[in-house]
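Raw input-v4.pdb, PDB, C-alpha atoms and all ligand atoms:
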```
MODEL        1
ATOM      1  CA  MET B1436       0.000   0.000   0.000  1.00  0.00           C
ATOM      2  CA  THR B1437       1.308   3.449  -0.879  1.00  0.00           C
ATOM      3  CA  ALA B1438       0.263   6.921   0.215  1.00  0.00           C
ATOM      4  CA  GLN B1439      -1.485   7.286  -3.171  1.00  0.00           C
ATOM      5  CA  ASP B1440      -3.825   4.392  -2.332  1.00  0.00           C
ATOM      6  CA  ILE B1441      -5.339   6.322   0.577  1.00  0.00           C
ATOM      7  CA  ASP B1442      -8.072   8.920   0.192  1.00  0.00           C
ATOM      8  CA  TRP B1443      -6.459  11.434   2.563  1.00  0.00           C
ATOM      9  CA  ASP B1444      -9.172  14.034   1.951  1.00  0.00           C
ATOM     10  CA  GLN B1445     -11.828  11.551   3.068  1.00  0.00           C
ATOM     11  CA  LEU B1446      -9.764  10.532   6.111  1.00  0.00           C
ATOM     12  CA  THR B1447      -9.144  14.161   7.066  1.00  0.00           C
ATOM     13  CA  ALA B1448     -12.846  14.982   6.625  1.00  0.00           C
ATOM     14  CA  ALA B1449     -13.745  12.085   8.957  1.00  0.00           C
ATOM     15  CA  ALA B1450     -11.216  13.318  11.542  1.00  0.00           C
ATOM     16  CA  THR B1451     -12.672  16.813  11.237  1.00  0.00           C
ATOM     17  CA  ALA B1452     -16.219  15.480  11.704  1.00  0.00           C
ATOM     18  CA  ALA B1453     -15.017  13.642  14.819  1.00  0.00           C
ATOM     19  CA  LEU B1454     -14.190  17.014  16.409  1.00  0.00           C
ATOM     20  CA  ALA B1455     -17.898  17.246  17.235  1.00  0.00           C
ATOM     21  CA  ASN B1456     -17.390  14.425  19.768  1.00  0.00           C
ATOM     22  CA  SER B1457     -14.515  16.153  21.567  1.00  0.00           C
ATOM     23  CA  TYR B1458     -14.920  17.006  25.255  1.00  0.00           C
ATOM     24  CA  SER B1459     -12.122  19.493  25.830  1.00  0.00           C
ATOM     25  CA  PRO B1460     -13.334  22.197  28.249  1.00  0.00           C
ATOM     26  CA  TYR B1461      -9.947  22.460  30.004  1.00  0.00           C
ATOM     27  CA  SER B1462      -7.549  22.942  27.118  1.00  0.00           C
ATOM     28  CA  ASN B1463     -10.103  24.179  24.587  1.00  0.00           C
ATOM     29  CA  PHE B1464      -8.008  22.187  22.132  1.00  0.00           C
ATOM     30  CA  ALA B1465     -10.322  19.795  20.329  1.00  0.00           C
ATOM     31  CA  VAL B1466      -8.683  16.894  18.490  1.00  0.00           C
ATOM     32  CA  GLY B1467     -10.357  14.585  15.995  1.00  0.00           C
ATOM     33  CA  ALA B1468      -8.837  11.382  14.654  1.00  0.00           C
ATOM     34  CA  ALA B1469      -9.749   8.949  11.908  1.00  0.00           C
ATOM     35  CA  ALA B1470      -8.237   5.746  10.617  1.00  0.00           C
ATOM     36  CA  LEU B1471      -8.775   3.115   7.968  1.00  0.00           C
ATOM     37  CA  THR B1472      -8.521  -0.498   9.052  1.00  0.00           C
ATOM     38  CA  THR B1473      -7.039  -3.203   6.860  1.00  0.00           C
ATOM     39  CA  ASP B1474     -10.554  -4.549   6.193  1.00  0.00           C
ATOM     40  CA  GLY B1475     -11.743  -1.135   5.006  1.00  0.00           C
ATOM     41  CA  ARG B1476     -13.561   0.229   8.060  1.00  0.00           C
ATOM     42  CA  LEU B1477     -13.372   3.963   8.722  1.00  0.00           C
ATOM     43  CA  ILE B1478     -13.162   4.633  12.458  1.00  0.00           C
ATOM     44  CA  ILE B1479     -12.965   7.869  14.401  1.00  0.00           C
ATOM     45  CA  GLY B1480     -12.092   9.221  17.838  1.00  0.00           C
ATOM     46  CA  ALA B1481     -11.910  12.512  19.741  1.00  0.00           C
ATOM     47  CA  ASN B1482     -10.157  13.694  22.873  1.00  0.00           C
ATOM     48  CA  ILE B1483     -12.065  13.334  26.146  1.00  0.00           C
ATOM     49  CA  GLU B1484     -10.602  15.489  28.916  1.00  0.00           C
ATOM     50  CA  ASN B1485     -11.030  15.209  32.669  1.00  0.00           C
ATOM     51  CA  ALA B1486     -10.977  17.588  35.639  1.00  0.00           C
ATOM     52  CA  SER B1487      -8.020  15.501  36.782  1.00  0.00           C
ATOM     53  CA  TYR B1488      -5.998  16.697  33.776  1.00  0.00           C
ATOM     54  CA  GLY B1489      -3.501  13.842  33.730  1.00  0.00           C
ATOM     55  CA  ILE B1490      -6.106  11.228  32.933  1.00  0.00           C
ATOM     56  CA  THR B1491      -7.294  12.985  29.770  1.00  0.00           C
ATOM     57  CA  LEU B1492      -7.880  10.594  26.903  1.00  0.00           C
ATOM     58  CA  CYS B1493      -6.349  11.680  23.615  1.00  0.00           C
ATOM     59  CA  ALA B1494      -8.331  11.270  20.406  1.00  0.00           C
ATOM     60  CA  GLU B1495      -6.160   8.241  19.607  1.00  0.00           C
ATOM     61  CA  CYS B1496      -7.372   6.526  22.795  1.00  0.00           C
ATOM     62  CA  SER B1497     -11.016   6.707  21.813  1.00  0.00           C
ATOM     63  CA  LEU B1498     -10.102   5.711  18.254  1.00  0.00           C
ATOM     64  CA  ILE B1499      -8.433   2.524  19.514  1.00  0.00           C
ATOM     65  CA  SER B1500     -11.495   1.779  21.668  1.00  0.00           C
ATOM     66  CA  GLU B1501     -13.581   2.193  18.527  1.00  0.00           C
ATOM     67  CA  LEU B1502     -11.240  -0.174  16.675  1.00  0.00           C
ATOM     68  CA  PHE B1503     -12.015  -2.893  19.212  1.00  0.00           C
ATOM     69  CA  ARG B1504     -15.712  -2.004  19.508  1.00  0.00           C
ATOM     70  CA  THR B1505     -16.142  -2.441  15.747  1.00  0.00           C
ATOM     71  CA  GLY B1506     -14.369  -5.775  15.416  1.00  0.00           C
ATOM     72  CA  GLY B1507     -10.670  -5.276  16.106  1.00  0.00           C
ATOM     73  CA  GLY B1508      -8.001  -5.713  13.455  1.00  0.00           C
ATOM     74  CA  LYS B1509      -5.200  -3.367  12.508  1.00  0.00           C
ATOM     75  CA  LEU B1510      -4.854   0.210  11.344  1.00  0.00           C
ATOM     76  CA  ALA B1511      -3.657   0.847   7.784  1.00  0.00           C
ATOM     77  CA  ALA B1512      -3.847   4.661   7.659  1.00  0.00           C
ATOM     78  CA  PHE B1513      -4.367   7.400  10.227  1.00  0.00           C
ATOM     79  CA  ALA B1514      -4.935  11.143  10.448  1.00  0.00           C
ATOM     80  CA  CYS B1515      -5.648  13.529  13.289  1.00  0.00           C
ATOM     81  CA  VAL B1516      -6.537  17.190  13.170  1.00  0.00           C
ATOM     82  CA  ASP B1517      -6.991  20.290  15.303  1.00  0.00           C
ATOM     83  CA  LYS B1518     -10.161  22.377  15.280  1.00  0.00           C
ATOM     84  CA  ASP B1519      -9.145  24.029  12.007  1.00  0.00           C
ATOM     85  CA  GLY B1520      -8.520  20.728  10.271  1.00  0.00           C
ATOM     86  CA  ASN B1521      -4.726  21.091  10.374  1.00  0.00           C
ATOM     87  CA  ALA B1522      -2.701  17.894  10.691  1.00  0.00           C
ATOM     88  CA  LEU B1523      -1.391  17.114  14.181  1.00  0.00           C
ATOM     89  CA  MET B1524       1.473  14.949  15.284  1.00  0.00           C
ATOM     90  CA  PRO B1525       0.322  12.240  17.719  1.00  0.00           C
ATOM     91  CA  CYS B1526       1.857  12.683  21.173  1.00  0.00           C
ATOM     92  CA  GLY B1527       4.496  10.218  22.362  1.00  0.00           C
ATOM     93  CA  ARG B1528       2.107   7.988  24.293  1.00  0.00           C
ATOM     94  CA  CYS B1529      -0.254   7.817  21.341  1.00  0.00           C
ATOM     95  CA  ARG B1530       2.525   6.870  18.917  1.00  0.00           C
ATOM     96  CA  GLN B1531       3.081   3.842  21.143  1.00  0.00           C
ATOM     97  CA  LEU B1532      -0.658   3.170  21.273  1.00  0.00           C
ATOM     98  CA  LEU B1533      -0.975   3.370  17.473  1.00  0.00           C
ATOM     99  CA  TYR B1534       2.123   1.218  16.944  1.00  0.00           C
ATOM    100  CA  GLU B1535       0.615  -1.692  18.870  1.00  0.00           C
ATOM    101  CA  HIS B1536      -2.481  -1.766  16.649  1.00  0.00           C
ATOM    102  CA  SER B1537      -0.988  -0.920  13.253  1.00  0.00           C
ATOM    103  CA  ILE B1538       0.238  -2.995  10.361  1.00  0.00           C
ATOM    104  CA  PRO B1539       3.959  -2.567   9.587  1.00  0.00           C
ATOM    105  CA  GLY B1540       4.250   0.499   7.360  1.00  0.00           C
ATOM    106  CA  MET B1541       0.999   2.034   8.561  1.00  0.00           C
ATOM    107  CA  LEU B1542       0.717   5.495   7.007  1.00  0.00           C
ATOM    108  CA  LEU B1543       0.033   8.679   8.971  1.00  0.00           C
ATOM    109  CA  ARG B1544      -0.779  12.135   7.691  1.00  0.00           C
ATOM    110  CA  SER B1545       1.533  14.391   9.671  1.00  0.00           C
ATOM    111  CA  THR B1546       2.757  17.976   9.703  1.00  0.00           C
ATOM    112  CA  SER B1547       5.749  16.698   7.679  1.00  0.00           C
ATOM    113  CA  GLY B1548       3.649  14.891   5.096  1.00  0.00           C
ATOM    114  CA  VAL B1549       2.757  11.211   5.031  1.00  0.00           C
ATOM    115  CA  LEU B1550       5.033   9.145   7.279  1.00  0.00           C
ATOM    116  CA  THR B1551       5.094   5.495   8.287  1.00  0.00           C
ATOM    117  CA  ILE B1552       4.484   4.430  11.871  1.00  0.00           C
ATOM    118  CA  GLU B1553       8.142   3.329  12.015  1.00  0.00           C
ATOM    119  CA  GLN B1554       9.265   6.825  11.045  1.00  0.00           C
ATOM    120  CA  MET B1555       6.942   8.234  13.699  1.00  0.00           C
ATOM    121  CA  LEU B1556       8.233   5.845  16.382  1.00  0.00           C
ATOM    122  CA  PRO B1557      11.709   4.553  15.455  1.00  0.00           C
ATOM    123  CA  ASP B1558      13.140   1.517  17.258  1.00  0.00           C
ATOM    124  CA  ALA B1559       9.807   0.962  18.950  1.00  0.00           C
ATOM    125  CA  PHE B1560       9.269  -1.218  21.973  1.00  0.00           C
ATOM    126  CA  GLY B1561       6.547  -3.639  20.940  1.00  0.00           C
ATOM    127  CA  PRO B1562       4.923  -6.985  21.679  1.00  0.00           C
ATOM    128  CA  ASP B1563       7.668  -8.904  19.833  1.00  0.00           C
ATOM    129  CA  ARG B1564      10.182  -7.695  22.423  1.00  0.00           C
ATOM    130  CA  LEU B1565       8.167  -9.333  25.205  1.00  0.00           C
ATOM    131  CA  ALA B1566       8.423 -12.663  23.379  1.00  0.00           C
ATOM    132  CA  ALA B1567      12.232 -12.424  23.303  1.00  0.00           C
ATOM    133  CA  PRO B1568      14.201 -13.870  26.217  1.00  0.00           C
ATOM    134  CA  ASN B1569      15.085 -11.201  28.741  1.00  0.00           C
ATOM    135  CA  VAL B1570      18.755 -12.085  29.155  1.00  0.00           C
ATOM    136  CA  LEU B1571      20.941  -9.922  31.338  1.00  0.00           C
ATOM    137  CA  ILE B1572      24.381  -9.412  29.818  1.00  0.00           C
ATOM    138  CA  PHE B1573      27.109  -8.524  32.300  1.00  0.00           C
ATOM    139  CA  PRO B1574      30.226  -6.739  31.096  1.00  0.00           C
ATOM    140  CA  VAL B1575      33.400  -8.876  31.278  1.00  0.00           C
ATOM    141  CA  HIS B1576      36.407  -7.034  32.765  1.00  0.00           C
TER     142      HIS B1576
HETATM  143  N1  LIG A1601      -4.303  15.469  22.301  1.00  0.00           N
HETATM  144  C1  LIG A1601      -4.793  14.439  21.553  1.00  0.00           C
HETATM  145  O1  LIG A1601      -5.997  14.180  21.571  1.00  0.00           O
HETATM  146  N2  LIG A1601      -3.915  13.718  20.812  1.00  0.00           N
HETATM  147  C2  LIG A1601      -2.578  13.957  20.740  1.00  0.00           C
HETATM  148  O2  LIG A1601      -1.855  13.181  20.127  1.00  0.00           O
HETATM  149  C3  LIG A1601      -2.024  15.166  21.355  1.00  0.00           C
HETATM  150  C4  LIG A1601      -2.891  15.833  22.355  1.00  0.00           C
HETATM  151  C5  LIG A1601      -5.234  16.230  23.145  1.00  0.00           C
HETATM  152  C6  LIG A1601      -5.082  15.984  24.625  1.00  0.00           C
HETATM  153  C7  LIG A1601      -5.683  17.233  25.206  1.00  0.00           C
HETATM  154  O3  LIG A1601      -7.083  17.042  25.346  1.00  0.00           O
HETATM  155  C8  LIG A1601      -5.457  18.301  24.141  1.00  0.00           C
HETATM  156  O4  LIG A1601      -5.046  17.618  22.971  1.00  0.00           O
HETATM  157  C9  LIG A1601      -4.379  19.321  24.518  1.00  0.00           C
HETATM  158  O5  LIG A1601      -3.181  18.678  24.866  1.00  0.00           O
ENDMDL
END
```

Any chance you could give the structure as structure tokens?
Amino acid sequence: MTAQDIDWDQLTAAATAALANSYSPYSNFAVGAAALTTDGRLIIGANIENASYGITLCAECSLISELFRTGGGKLAAFACVDKDGNALMPCGRCRQLLYEHSIPGMLLRSTSGVLTIEQMLPDAFGPDRLAAPNVLIFPVH
């Protein structure tokens, strides 16, 4: 799959429509997200803030909940936007969250153009690492 295979205008429009679901009274910074799954579903999410600021859910969090609610699978393409429809970079935690549920090479619309999930989160810690033996290597003097 290449960036040309994705209808980025449609994905961005879905992310923009998702802004209507945002609950962001504390930051006043609404975020909408949309993704295509490998089986062709279009899913969305929005940020849901909390009076206890630190437990705010980013738009990516509700998008991943929606992924599971609608049948699971993996993300093939992703976009998130601010209230004006401008592309946003996912925060660090959400890059990790997206990585776990993406196909290798998943494409993201970013402020630097379309990037892969591996470009967005290089040398990621992922589920494969947990499967590897956790061997401690001591330096030999
Ligand atoms: N936010 C997201 O929804 N996704 C991100 O990747 C970055 C930040 C939200 C969290 C908070 O509600 C608001 O943007 C301001 O930080």

Picked residues, the PyMOL selection byres (((not hetatm)) within 12 of (chain A and resi 1601)), as a ChimeraX atom specification: /B:1450,1453-1454,1456-1469,1479-1498,1513-1518,1522-1533,1545,1555

What would the file look like if the residues just selected were written as a PDB file, in the frame of the given file with C-alpha atoms?
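The result, stored in part38.pdb:
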```
ATOM      1  CA  ALA B1450     -11.216  13.318  11.542  1.00  0.00           C
ATOM      2  CA  ALA B1453     -15.017  13.642  14.819  1.00  0.00           C
ATOM      3  CA  LEU B1454     -14.190  17.014  16.409  1.00  0.00           C
ATOM      4  CA  ASN B1456     -17.390  14.425  19.768  1.00  0.00           C
ATOM      5  CA  SER B1457     -14.515  16.153  21.567  1.00  0.00           C
ATOM      6  CA  TYR B1458     -14.920  17.006  25.255  1.00  0.00           C
ATOM      7  CA  SER B1459     -12.122  19.493  25.830  1.00  0.00           C
ATOM      8  CA  PRO B1460     -13.334  22.197  28.249  1.00  0.00           C
ATOM      9  CA  TYR B1461      -9.947  22.460  30.004  1.00  0.00           C
ATOM     10  CA  SER B1462      -7.549  22.942  27.118  1.00  0.00           C
ATOM     11  CA  ASN B1463     -10.103  24.179  24.587  1.00  0.00           C
ATOM     12  CA  PHE B1464      -8.008  22.187  22.132  1.00  0.00           C
ATOM     13  CA  ALA B1465     -10.322  19.795  20.329  1.00  0.00           C
ATOM     14  CA  VAL B1466      -8.683  16.894  18.490  1.00  0.00           C
ATOM     15  CA  GLY B1467     -10.357  14.585  15.995  1.00  0.00           C
ATOM     16  CA  ALA B1468      -8.837  11.382  14.654  1.00  0.00           C
ATOM     17  CA  ALA B1469      -9.749   8.949  11.908  1.00  0.00           C
ATOM     18  CA  ILE B1479     -12.965   7.869  14.401  1.00  0.00           C
ATOM     19  CA  GLY B1480     -12.092   9.221  17.838  1.00  0.00           C
ATOM     20  CA  ALA B1481     -11.910  12.512  19.741  1.00  0.00           C
ATOM     21  CA  ASN B1482     -10.157  13.694  22.873  1.00  0.00           C
ATOM     22  CA  ILE B1483     -12.065  13.334  26.146  1.00  0.00           C
ATOM     23  CA  GLU B1484     -10.602  15.489  28.916  1.00  0.00           C
ATOM     24  CA  ASN B1485     -11.030  15.209  32.669  1.00  0.00           C
ATOM     25  CA  ALA B1486     -10.977  17.588  35.639  1.00  0.00           C
ATOM     26  CA  SER B1487      -8.020  15.501  36.782  1.00  0.00           C
ATOM     27  CA  TYR B1488      -5.998  16.697  33.776  1.00  0.00           C
ATOM     28  CA  GLY B1489      -3.501  13.842  33.730  1.00  0.00           C
ATOM     29  CA  ILE B1490      -6.106  11.228  32.933  1.00  0.00           C
ATOM     30  CA  THR B1491      -7.294  12.985  29.770  1.00  0.00           C
ATOM     31  CA  LEU B1492      -7.880  10.594  26.903  1.00  0.00           C
ATOM     32  CA  CYS B1493      -6.349  11.680  23.615  1.00  0.00           C
ATOM     33  CA  ALA B1494      -8.331  11.270  20.406  1.00  0.00           C
ATOM     34  CA  GLU B1495      -6.160   8.241  19.607  1.00  0.00           C
ATOM     35  CA  CYS B1496      -7.372   6.526  22.795  1.00  0.00           C
ATOM     36  CA  SER B1497     -11.016   6.707  21.813  1.00  0.00           C
ATOM     37  CA  LEU B1498     -10.102   5.711  18.254  1.00  0.00           C
ATOM     38  CA  PHE B1513      -4.367   7.400  10.227  1.00  0.00           C
ATOM     39  CA  ALA B1514      -4.935  11.143  10.448  1.00  0.00           C
ATOM     40  CA  CYS B1515      -5.648  13.529  13.289  1.00  0.00           C
ATOM     41  CA  VAL B1516      -6.537  17.190  13.170  1.00  0.00           C
ATOM     42  CA  ASP B1517      -6.991  20.290  15.303  1.00  0.00           C
ATOM     43  CA  LYS B1518     -10.161  22.377  15.280  1.00  0.00           C
ATOM     44  CA  ALA B1522      -2.701  17.894  10.691  1.00  0.00           C
ATOM     45  CA  LEU B1523      -1.391  17.114  14.181  1.00  0.00           C
ATOM     46  CA  MET B1524       1.473  14.949  15.284  1.00  0.00           C
ATOM     47  CA  PRO B1525       0.322  12.240  17.719  1.00  0.00           C
ATOM     48  CA  CYS B1526       1.857  12.683  21.173  1.00  0.00           C
ATOM     49  CA  GLY B1527       4.496  10.218  22.362  1.00  0.00           C
ATOM     50  CA  ARG B1528       2.107   7.988  24.293  1.00  0.00           C
ATOM     51  CA  CYS B1529      -0.254   7.817  21.341  1.00  0.00           C
ATOM     52  CA  ARG B1530       2.525   6.870  18.917  1.00  0.00           C
ATOM     53  CA  GLN B1531       3.081   3.842  21.143  1.00  0.00           C
ATOM     54  CA  LEU B1532      -0.658   3.170  21.273  1.00  0.00           C
ATOM     55  CA  LEU B1533      -0.975   3.370  17.473  1.00  0.00           C
ATOM     56  CA  SER B1545       1.533  14.391   9.671  1.00  0.00           C
ATOM     57  CA  MET B1555       6.942   8.234  13.699  1.00  0.00           C
TER      58      MET B1555
END
```

Straight-line distance linking CA of Met1541 (chain B) with CA of Leu1510 (chain B), stated in Å to one decimal: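 Separation between CA of Met1541 (chain B) and CA of Leu1510 (chain B): 6.7 Å.
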
Distance in Å - CA of Ala1452 (chain B) versus CA of Leu1471 (chain B):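 Between CA of Ala1452 (chain B) and CA of Leu1471 (chain B) the gap is 14.9 Å.
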
CA of Arg1544 (chain B) to CA of Thr1447 (chain B), straight-line distance in Å: 8.6 Å

Pick from B:Arg1504, B:Gly1520, B:Ile1572, B:Pro1562, whichever lies nearest to Glu1535 (chain B) using only C-alpha atoms: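 Smallest separation from Glu1535 (chain B) among the options: B:Pro1562.
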
Nearest-residue call for Tyr1534 (chain B), choices B:Thr1551, B:Asn1569, B:Ser1500, B:Thr1437, using only C-alpha atoms: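 Going through B:Thr1551, B:Asn1569, B:Ser1500, B:Thr1437 one by one, the smallest distance to Tyr1534 (chain B) is for B:Thr1551.
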
Which residue of B:Ala1449, B:Ala1455, B:Val1575, B:Ile1538 approaches Asp1474 (chain B) most closely, using only C-alpha atoms: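 Looking only at the distances to Asp1474 (chain B), the closest residue turns out to be B:Ile1538.
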
Mind telling me what the PyMOL selection byres (((chain B and resi 1509) around 7) and not hetatm) catches here, as a PDB file with C-alpha atoms, in the coordinates of the input?
```pdb
ATOM      1  CA  THR B1472      -8.521  -0.498   9.052  1.00  0.00           C
ATOM      2  CA  THR B1473      -7.039  -3.203   6.860  1.00  0.00           C
ATOM      3  CA  GLY B1507     -10.670  -5.276  16.106  1.00  0.00           C
ATOM      4  CA  GLY B1508      -8.001  -5.713  13.455  1.00  0.00           C
ATOM      5  CA  LEU B1510      -4.854   0.210  11.344  1.00  0.00           C
ATOM      6  CA  ALA B1511      -3.657   0.847   7.784  1.00  0.00           C
ATOM      7  CA  HIS B1536      -2.481  -1.766  16.649  1.00  0.00           C
ATOM      8  CA  SER B1537      -0.988  -0.920  13.253  1.00  0.00           C
ATOM      9  CA  ILE B1538       0.238  -2.995  10.361  1.00  0.00           C
TER      10      ILE B1538
END
```

Matched chain/residue IDs from the PyMOL selection byres (((chain B and resi 1438) around 10) and not hetatm), as a PyMOL selection string: chain B and resi 1436-1437+1439-1443+1512+1541-1544+1548-1551
